[in-house]
Amino acid sequence: MDDASLCLHRFRRADGRGPAVLMLHGMMSNGRVFYSRSGRGLAPWLAERGYDVFVADLRGKGCSTPRIDRHARHGQSEMIGVDLPALHAAVLLHAQASQVHWVSHSWGGVVMNSCLLRHPSLIDQVASVVHFAAKRRVRVRNIQRRIEIDLMWNGVLKRVTRWMGYLPARQLRIGADNETRKTRRQIQAWVEAERWVDDEDGFDYGLVAQHVKLPPTLYLAAIDDPCRGNPEDVKRFRAESGPHLSRVHVLSKLGGAKHDYNHVSILTHPDAGSDQFKLAEAWLEGRHEAVSEKG
């Protein structure tokens, strides 16, 4: 993998080895979105229930090396084509498992579905998938979209990235980790594009999705997520991922959740364990009928 070293953080009980789970974070983020220093988060929550959980740091993020700077040339293409397959293989090896459950947050869900469509031989090795606030396109129109996507991502941060040679999200305090220039460009292209097509080799993910059946997938969305994972965009992502056993479940007080969750609190809220984490656990256990289509 060139000179890159990918990090996996393992969470499991000492008294046994349960089903393996691989977790993948989104952009300007790292694996810490799934766990905290105090032992909170989805990763330790599932580990306490017997799962063998592996939390990934993508290339240059978290504890993976080398850190992203102006010399980094990798991007989304490498995440999909090289890094996620390598992380998946490492989990199979260390867990001594034949299948792995995949869990994502935000853009990590796009990377995961894209990887399965590009590498359909992996599909039988993935028992199920749970996405938290995953979307590809941003089609919603509201003030938050104008500020976060049109003004910041496509405007200010594009210029900062061109000037610095990478996106210094950590230094700017707009994210937990930096992004390469290539990643920022590729994400912007997909957020805006109608067609789901690779900009390097023309691979048509949307076309392949109509002929390849993804594993059973739960798409969890937060009602208070205006543009980074708006429920309507989550639904569109499920639809363009092709026909597969799936549910979209929007978390809201009106729908029976304890809170109107947002893009971050969908994973970090203290009450997540009694709301969406239980839904995720039911899905991982194969109790698909216990999770309703909602919202």
# chains A, B, ... in the order shown; residues from 1 in each chain; ligands from 1
>>> residues_around(residues="A:Glu48", least_positions_apart="5", cutoff="12 Å", atoms="only C-alpha atoms", output="number ranges by chain")
A: 11-18, 39-43, 53, 273, 281
>>> residues_around(residues="stretch 145-162 of chain A", least_positions_apart="3", cutoff="12 Å", atoms="only C-alpha atoms", output="VMD selection string")
chain A and resid 27 to 28 69 to 70 137 to 142 165 to 169 171 to 172 174 178 to 189 191 to 192 225 to 230
>>> select_by_dssp(residues="stretch 24-133 of chain A", states="alpha helix (DSSP H)", output="MDAnalysis selection string")
chainID A and resid 42:48 76:78 84:95 107:118
>>> residues_around(residues="stretch 111-119 of chain A", least_positions_apart="4", cutoff="9 Å", atoms="only C-alpha atoms", output="VMD selection string")
chain A and resid 24 26 76 79 to 81 84 to 85 102 to 104 107 123 129 203 205 to 206 208 to 209 212 to 214 241
>>> write_last_selection(atoms="C-alpha atoms", output="tab-separated table (two decimals), in the first residue's frame")
chain	number	residue	atom	x	y	z
A	24	LEU	CA	-15.59	3.51	8.78
A	26	GLY	CA	-16.61	10.05	7.08
A	76	GLN	CA	-11.31	8.79	-2.65
A	79	MET	CA	-10.12	4.55	-0.28
A	80	ILE	CA	-12.56	2.62	-2.45
A	81	GLY	CA	-10.15	0.57	-4.53
A	84	LEU	CA	-11.19	-0.44	2.41
A	85	PRO	CA	-10.56	-3.86	0.80
A	102	TRP	CA	-19.92	-3.03	8.03
A	103	VAL	CA	-20.92	0.20	9.81
A	104	SER	CA	-20.34	3.75	8.58
A	107	TRP	CA	-19.34	9.87	3.66
A	123	ILE	CA	-20.46	-8.86	-1.00
A	129	VAL	CA	-24.42	-2.95	6.64
A	203	PHE	CA	-16.51	3.21	-13.64
A	205	TYR	CA	-21.38	2.76	-9.91
A	206	GLY	CA	-25.00	3.69	-10.54
A	208	VAL	CA	-23.55	-1.54	-11.68
A	209	ALA	CA	-25.90	-1.02	-8.72
A	212	VAL	CA	-25.47	-6.17	-8.20
A	213	LYS	CA	-27.35	-6.84	-4.97
A	214	LEU	CA	-25.78	-5.24	-1.92
A	241	SER	CA	-27.63	1.88	-4.56
>>> closest_residue(among="A:Asp224, A:Glu240, A:Glu293, A:Glu285", to="A:His259", atoms="only C-alpha atoms")
A:Asp224
>>> residues_around(residues="stretch 86-96 of chain A", least_positions_apart="3", cutoff="10 Å", atoms="only C-alpha atoms", output="PDB file with N, CA and C atoms, in the first residue's frame")
ATOM      1  N   MET A   1       0.845  -1.200   0.000  1.00  0.00           N
ATOM      2  CA  MET A   1       0.000   0.000   0.000  1.00  0.00           C
ATOM      3  C   MET A   1       0.877   1.245   0.000  1.00  0.00           C
ATOM      4  N   LEU A   6      -2.295   1.716   7.680  1.00  0.00           N
ATOM      5  CA  LEU A   6      -3.674   1.917   8.121  1.00  0.00           C
ATOM      6  C   LEU A   6      -3.870   1.354   9.516  1.00  0.00           C
ATOM      7  N   CYS A   7      -4.571   2.108  10.337  1.00  0.00           N
ATOM      8  CA  CYS A   7      -4.765   1.732  11.741  1.00  0.00           C
ATOM      9  C   CYS A   7      -6.166   1.178  11.972  1.00  0.00           C
ATOM     10  N   LEU A   8      -6.243   0.086  12.738  1.00  0.00           N
ATOM     11  CA  LEU A   8      -7.505  -0.481  13.203  1.00  0.00           C
ATOM     12  C   LEU A   8      -7.489  -0.522  14.728  1.00  0.00           C
ATOM     13  N   ARG A  10      -9.263  -2.022  18.013  1.00  0.00           N
ATOM     14  CA  ARG A  10     -10.103  -3.185  18.299  1.00  0.00           C
ATOM     15  C   ARG A  10     -10.783  -3.049  19.654  1.00  0.00           C
ATOM     16  N   ARG A  17     -15.270 -14.099  21.627  1.00  0.00           N
ATOM     17  CA  ARG A  17     -15.082 -13.487  20.319  1.00  0.00           C
ATOM     18  C   ARG A  17     -16.392 -13.590  19.552  1.00  0.00           C
ATOM     19  N   GLY A  18     -17.092 -12.454  19.419  1.00  0.00           N
ATOM     20  CA  GLY A  18     -18.378 -12.467  18.746  1.00  0.00           C
ATOM     21  C   GLY A  18     -18.259 -12.086  17.290  1.00  0.00           C
ATOM     22  N   PRO A  19     -19.391 -11.781  16.650  1.00  0.00           N
ATOM     23  CA  PRO A  19     -19.377 -11.389  15.237  1.00  0.00           C
ATOM     24  C   PRO A  19     -18.490 -10.163  15.010  1.00  0.00           C
ATOM     25  N   ALA A  20     -17.776 -10.157  13.901  1.00  0.00           N
ATOM     26  CA  ALA A  20     -16.850  -9.064  13.590  1.00  0.00           C
ATOM     27  C   ALA A  20     -17.578  -7.893  12.950  1.00  0.00           C
ATOM     28  N   VAL A  21     -17.176  -6.687  13.326  1.00  0.00           N
ATOM     29  CA  VAL A  21     -17.748  -5.453  12.792  1.00  0.00           C
ATOM     30  C   VAL A  21     -16.610  -4.528  12.386  1.00  0.00           C
ATOM     31  N   LEU A  22     -16.699  -3.958  11.169  1.00  0.00           N
ATOM     32  CA  LEU A  22     -15.744  -2.959  10.694  1.00  0.00           C
ATOM     33  C   LEU A  22     -16.459  -1.618  10.589  1.00  0.00           C
ATOM     34  N   MET A  23     -15.902  -0.590  11.235  1.00  0.00           N
ATOM     35  CA  MET A  23     -16.508   0.742  11.230  1.00  0.00           C
ATOM     36  C   MET A  23     -15.641   1.718  10.452  1.00  0.00           C
ATOM     37  N   LEU A  24     -16.296   2.551   9.631  1.00  0.00           N
ATOM     38  CA  LEU A  24     -15.588   3.508   8.780  1.00  0.00           C
ATOM     39  C   LEU A  24     -16.186   4.898   8.942  1.00  0.00           C
ATOM     40  N   ASP A  52     -17.025  -8.212  18.125  1.00  0.00           N
ATOM     41  CA  ASP A  52     -15.596  -7.983  17.949  1.00  0.00           C
ATOM     42  C   ASP A  52     -15.466  -6.817  16.975  1.00  0.00           C
ATOM     43  N   VAL A  53     -15.230  -5.622  17.499  1.00  0.00           N
ATOM     44  CA  VAL A  53     -15.369  -4.386  16.736  1.00  0.00           C
ATOM     45  C   VAL A  53     -13.999  -3.832  16.339  1.00  0.00           C
ATOM     46  N   PHE A  54     -13.879  -3.500  15.054  1.00  0.00           N
ATOM     47  CA  PHE A  54     -12.661  -2.900  14.517  1.00  0.00           C
ATOM     48  C   PHE A  54     -13.018  -1.530  13.939  1.00  0.00           C
ATOM     49  N   VAL A  55     -12.423  -0.482  14.484  1.00  0.00           N
ATOM     50  CA  VAL A  55     -12.673   0.884  14.014  1.00  0.00           C
ATOM     51  C   VAL A  55     -11.478   1.343  13.187  1.00  0.00           C
ATOM     52  N   ALA A  56     -11.733   1.720  11.941  1.00  0.00           N
ATOM     53  CA  ALA A  56     -10.659   2.105  11.029  1.00  0.00           C
ATOM     54  C   ALA A  56     -10.368   3.598  11.086  1.00  0.00           C
ATOM     55  N   ASP A  57      -9.104   3.930  10.892  1.00  0.00           N
ATOM     56  CA  ASP A  57      -8.684   5.286  10.549  1.00  0.00           C
ATOM     57  C   ASP A  57      -8.227   5.236   9.092  1.00  0.00           C
ATOM     58  N   LEU A  58      -8.896   5.982   8.224  1.00  0.00           N
ATOM     59  CA  LEU A  58      -8.505   5.983   6.823  1.00  0.00           C
ATOM     60  C   LEU A  58      -7.115   6.579   6.637  1.00  0.00           C
ATOM     61  N   MET A  79      -9.293   5.065  -1.387  1.00  0.00           N
ATOM     62  CA  MET A  79     -10.121   4.554  -0.283  1.00  0.00           C
ATOM     63  C   MET A  79     -10.994   3.393  -0.760  1.00  0.00           C
ATOM     64  N   ILE A  80     -11.617   3.599  -1.911  1.00  0.00           N
ATOM     65  CA  ILE A  80     -12.558   2.617  -2.452  1.00  0.00           C
ATOM     66  C   ILE A  80     -11.829   1.405  -3.025  1.00  0.00           C
ATOM     67  N   GLY A  81     -10.786   1.655  -3.793  1.00  0.00           N
ATOM     68  CA  GLY A  81     -10.154   0.573  -4.531  1.00  0.00           C
ATOM     69  C   GLY A  81      -9.083  -0.188  -3.788  1.00  0.00           C
ATOM     70  N   VAL A  82      -8.443   0.461  -2.787  1.00  0.00           N
ATOM     71  CA  VAL A  82      -7.301  -0.156  -2.116  1.00  0.00           C
ATOM     72  C   VAL A  82      -7.503  -0.267  -0.608  1.00  0.00           C
ATOM     73  N   ASP A  83      -7.793   0.852   0.042  1.00  0.00           N
ATOM     74  CA  ASP A  83      -7.738   0.890   1.502  1.00  0.00           C
ATOM     75  C   ASP A  83      -8.854   0.104   2.182  1.00  0.00           C
ATOM     76  N   GLN A  99     -17.202 -13.734   7.606  1.00  0.00           N
ATOM     77  CA  GLN A  99     -18.018 -12.576   7.268  1.00  0.00           C
ATOM     78  C   GLN A  99     -17.783 -11.457   8.273  1.00  0.00           C
ATOM     79  N   VAL A 100     -18.038 -10.239   7.813  1.00  0.00           N
ATOM     80  CA  VAL A 100     -17.896  -9.055   8.643  1.00  0.00           C
ATOM     81  C   VAL A 100     -19.135  -8.185   8.449  1.00  0.00           C
ATOM     82  N   HIS A 101     -19.593  -7.548   9.517  1.00  0.00           N
ATOM     83  CA  HIS A 101     -20.622  -6.515   9.406  1.00  0.00           C
ATOM     84  C   HIS A 101     -19.925  -5.180   9.181  1.00  0.00           C
ATOM     85  N   TRP A 102     -20.488  -4.351   8.298  1.00  0.00           N
ATOM     86  CA  TRP A 102     -19.916  -3.035   8.032  1.00  0.00           C
ATOM     87  C   TRP A 102     -20.817  -1.950   8.613  1.00  0.00           C
ATOM     88  N   LEU A 122     -16.646  -9.106  -2.710  1.00  0.00           N
ATOM     89  CA  LEU A 122     -16.675  -8.885  -1.263  1.00  0.00           C
ATOM     90  C   LEU A 122     -18.070  -9.015  -0.673  1.00  0.00           C
ATOM     91  N   GLN A 125     -18.960 -11.661   1.690  1.00  0.00           N
ATOM     92  CA  GLN A 125     -18.190 -11.615   2.927  1.00  0.00           C
ATOM     93  C   GLN A 125     -18.706 -10.547   3.895  1.00  0.00           C
ATOM     94  N   VAL A 126     -19.727  -9.794   3.477  1.00  0.00           N
ATOM     95  CA  VAL A 126     -20.315  -8.749   4.320  1.00  0.00           C
ATOM     96  C   VAL A 126     -21.712  -9.192   4.738  1.00  0.00           C
TER      97      VAL A 126
END
>>> atom_distance(atom1="atom CA of A:Glu200", atom2="atom CA of A:His74")
12.3 Å
